[in-house]
Structure formats: C-alpha cells, structure tokens
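Since the structure comes first, as structure tokens, the remarks are kept for the end.
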Amino acid sequence: MGLAMELQRRRAHRWLGYELIRHHRSTFELLNDRSLDDLSAGLDSWDAVDAFARILSGPAWARGLASDTLIGHWSRSTDRWRRRTALVSTVALNTPADGGRGDPGRTLAVCRRLAGDRDDMVVKALSWALRALAVRDGATVRHFLVLEDARLAARVKREVRHKLETGLKTPRRAR
C-alpha cells in the first residue's frame with residue numbers, strides 16, 4: 001500500500017501500484033473509502049482514471065470495500081475526473097471477473113445523477129457504464145434510455161442502442 005501511495009504521490013506509473021494492490025489479496029482487502037480517496041487524489045487524465053477505477057475502486061466497490069457514499073461523493077464533484085471515476089467504477093458492478101453480479105440499482109443511481117453532464121470525458125464514461133450493464137440487464141438499460149432520453153447526450157444514446165441491438169458499441173459497416 002505504501003508503494004502504491006508513493007507512486008500516486010509522484011504521479012508516475014500509478015497503474016503499477018494499483019496492480020500490486022489488486023493482486024495482493026491481503027492488501028486489496030485493506031482498501032476502504034479513505035485509502036481509495038487518497039489513491040484517487042490527482043487523477044487528471046482518462047487513462048489515469050480508467051486504470052484506477054477498473055483496477056481498484058470498481059472492484060473494491062463490487063466487493064463491498066468501498067461505499068456508495070464515496071462513489072456518490074465522486075459523482076457530485078465539480079472535478080470532471082472524479083465524476084468519470086464514479087461512472088467507470090460502476091463497470092465492475094456488472095463484470096463477473098471484477099466481482100460484479102449485475103447491479104442495476106447502484107449503476108443507474110450514478111448514471112442518473114450524471115445523465116445531463118456534457119463534459120466529453122463524462123459522456124464517454126456514461127456510455128461505457130450503461131453498455132456494461134446492458135450485457136447483464138438489457139431491459140433495464142432500455143427503460144433507462146427512455147426515461148432519461150431528453151437528458152442523455154446523443155453519443156450515449158447511439159452507442160448504448162448499438163450495444164443493445166448488435167452487441168457492439170460501434171457496429172461494423174457493410175462494404
């Protein structure tokens with residue numbers, strides 16, 4: 001944990017620290033809201049956020065080590081990267097390899113909160129979160145698209161509908 005915190009502080013090879021924690025069971029089980037919030041400090045790019053959320057915060061949330069309160073706090077942040085972190089963390093809730101069993105309630109709570117956000121980094125993450133849930137619960141995602149249609153960015157609607165209809169974010173074009 002100390003090494004991961006130092007890499008985070010230096011903002012160098014942060015993902016390596018995340019991987020060390022993820023693959024060291026007893027250290028991973030030490031994760032909690034405070035340590036995750038500390039490790040998320042200074043996230044400032046899509047790749048840093050996605051590594052953190054996919055490797056640590058999402059799987060920790062799926063396994064009950066991070067709270068809904070923490071993710072909710074990130075989703076309400078004025079910082080675009082915190083909002084993206086909240087959304088990308090939902091992917092693990094719907095990915096069996098990350099400990100997820102499908103969690104439309106928690107996923108859609110974050111998605112609903114950010115449905116009207118127009119920051120491109122948040123819009124892309126919203127699409128990803130909904131597409132991950134669509135694999136597990138397409139009917140719920142279809143219903144969400146109808147309910148939130150007026151608030152959702154065109155990209156989200158297009159990519160999620162493609163996923164529901166074809167299984168792909170962007171279907172291949174016929175030649």
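Ordered as shown in the structure tokens, chains take letters A, B, and onward, while each chain numbers its residues from 1 and ligands are numbered from 1 in the order shown.
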Write out as a count of residues only each polymer residue whose atoms come within 10 Å of segment 153-167 of chain A, counting only C-alpha atoms; drop sequence neighbours fewer than 5 positions from it. 28
- Message: Which residues are close to Leu56 of chain A, i.e. within 8 Å by only C-alpha atoms, leaving aside same-chain residues fewer than 6 positions away? Reply as an MDAnalysis selection string.
- Response: chainID A and resid 18 21:22 36
Segment 99-103 of chain A surroundings by only C-alpha atoms, 8 Å radius, close-in-sequence under 3 positions cut, as a ChimeraX atom specification: /A:59,62-63,92-96,106-107,133,136-137
Could you turn the residues from that selection into a file that holds N, CA and C atoms, as a compact mmCIF listing (two decimals), in the first residue's frame?
# COMPACT_ATOMS: atom_id res chain seq x y z
N PRO A 59 -13.61 -2.68 -8.57
CA PRO A 59 -13.60 -3.98 -7.90
C PRO A 59 -13.77 -3.89 -6.38
N ALA A 62 -17.45 -3.32 -5.83
CA ALA A 62 -18.20 -4.56 -6.10
C ALA A 62 -18.06 -5.56 -4.96
N ARG A 63 -16.96 -5.51 -4.26
CA ARG A 63 -16.71 -6.45 -3.16
C ARG A 63 -17.05 -5.87 -1.79
N ALA A 92 -17.33 -2.41 -12.90
CA ALA A 92 -17.02 -3.61 -12.11
C ALA A 92 -18.27 -4.25 -11.50
N LEU A 93 -19.27 -3.44 -11.20
CA LEU A 93 -20.51 -3.99 -10.61
C LEU A 93 -21.19 -4.97 -11.55
N ASN A 94 -20.89 -4.85 -12.83
CA ASN A 94 -21.57 -5.63 -13.86
C ASN A 94 -20.61 -6.55 -14.62
N THR A 95 -19.41 -6.74 -14.08
CA THR A 95 -18.39 -7.57 -14.70
C THR A 95 -18.01 -8.69 -13.75
N PRO A 96 -18.38 -9.93 -14.05
CA PRO A 96 -18.09 -11.04 -13.13
C PRO A 96 -16.62 -11.17 -12.74
N ARG A 106 -27.33 0.38 -8.21
CA ARG A 106 -26.21 1.27 -7.95
C ARG A 106 -25.65 1.87 -9.23
N THR A 107 -25.63 1.08 -10.30
CA THR A 107 -25.15 1.61 -11.58
C THR A 107 -26.01 2.77 -12.05
N LEU A 133 -23.66 -2.53 -18.19
CA LEU A 133 -24.90 -3.02 -17.59
C LEU A 133 -25.77 -3.71 -18.63
N ARG A 136 -25.65 -7.40 -18.95
CA ARG A 136 -26.30 -8.14 -17.87
C ARG A 136 -27.81 -7.94 -17.82
N ASP A 137 -28.26 -6.75 -18.18
CA ASP A 137 -29.68 -6.41 -17.99
C ASP A 137 -30.13 -5.40 -19.06
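Here atom CA of Gln8 of chain A stands at a distance of 8.8 Å from atom CA of Leu43 of chain A.
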Atom pair atom CA of Asp79 of chain A + atom CA of Gly42 of chain A, distance 10.3 Å
A straight line from atom CA of Trp15 of chain A to atom CA of Ala53 of chain A spans 10.3 Å
* Counting only C-alpha atoms, what is within 9 Å of Asp38 of chain A, bar same-chain residues fewer than 4 positions away, as a PyMOL selection string? -> chain A and resi 5+8+33-34
Determine, using only C-alpha atoms, which residues of segment 52-121 of chain A have any atom at most 12 Å from an atom of segment 23-28 of chain A, and tabulate each with its shortest atom pair and distance in Å to one decimal place, rows ordered by chain and then rising number, as JSON lines.
{"residue": "A:Ile55", "atom": "CA", "partner": "A:His23", "partner_atom": "CA", "distance": 9.6}
{"residue": "A:Leu56", "atom": "CA", "partner": "A:Phe28", "partner_atom": "CA", "distance": 8.2}
{"residue": "A:Ser57", "atom": "CA", "partner": "A:Phe28", "partner_atom": "CA", "distance": 10.3}
{"residue": "A:Pro59", "atom": "CA", "partner": "A:Phe28", "partner_atom": "CA", "distance": 9.6}
{"residue": "A:Ala60", "atom": "CA", "partner": "A:Phe28", "partner_atom": "CA", "distance": 7.8}
{"residue": "A:Trp61", "atom": "CA", "partner": "A:Phe28", "partner_atom": "CA", "distance": 11.5}
{"residue": "A:Arg63", "atom": "CA", "partner": "A:Phe28", "partner_atom": "CA", "distance": 10.3}
{"residue": "A:Gly64", "atom": "CA", "partner": "A:Phe28", "partner_atom": "CA", "distance": 11.6}
{"residue": "A:Leu65", "atom": "CA", "partner": "A:Phe28", "partner_atom": "CA", "distance": 9.0}
{"residue": "A:Ala66", "atom": "CA", "partner": "A:Phe28", "partner_atom": "CA", "distance": 11.2}
{"residue": "A:Asp98", "atom": "CA", "partner": "A:His23", "partner_atom": "CA", "distance": 11.9}
Could you write out that same residue set with C-alpha atoms as a short mmCIF file (atom, residue, chain, number, x, y, z; two decimals), in the first residue's frame?
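As written to disk, out11.cif reads:
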data_model
loop_
_atom_site.label_atom_id
_atom_site.label_comp_id
_atom_site.auth_asym_id
_atom_site.auth_seq_id
_atom_site.Cartn_x
_atom_site.Cartn_y
_atom_site.Cartn_z
CA ILE A 55 -8.23 -1.95 -11.28
CA LEU A 56 -9.09 -0.65 -7.80
CA SER A 57 -12.15 1.43 -7.00
CA PRO A 59 -13.60 -3.98 -7.90
CA ALA A 60 -13.37 -2.68 -4.32
CA TRP A 61 -16.92 -1.31 -4.60
CA ARG A 63 -16.71 -6.45 -3.16
CA GLY A 64 -18.10 -4.11 -0.52
CA LEU A 65 -14.83 -2.40 0.41
CA ALA A 66 -15.86 0.99 -0.97
CA ASP A 98 -14.29 -7.96 -11.06
#
For the structure I just gave you, how does DSSP split segment 35-166 of chain A - specifically, which residues are alpha helix (DSSP H)? Reply as a PyMOL selection string.
chain A and resi 35-39+46-52+58-62+68-75+80-93+104-114+120-136+138-147+154-166
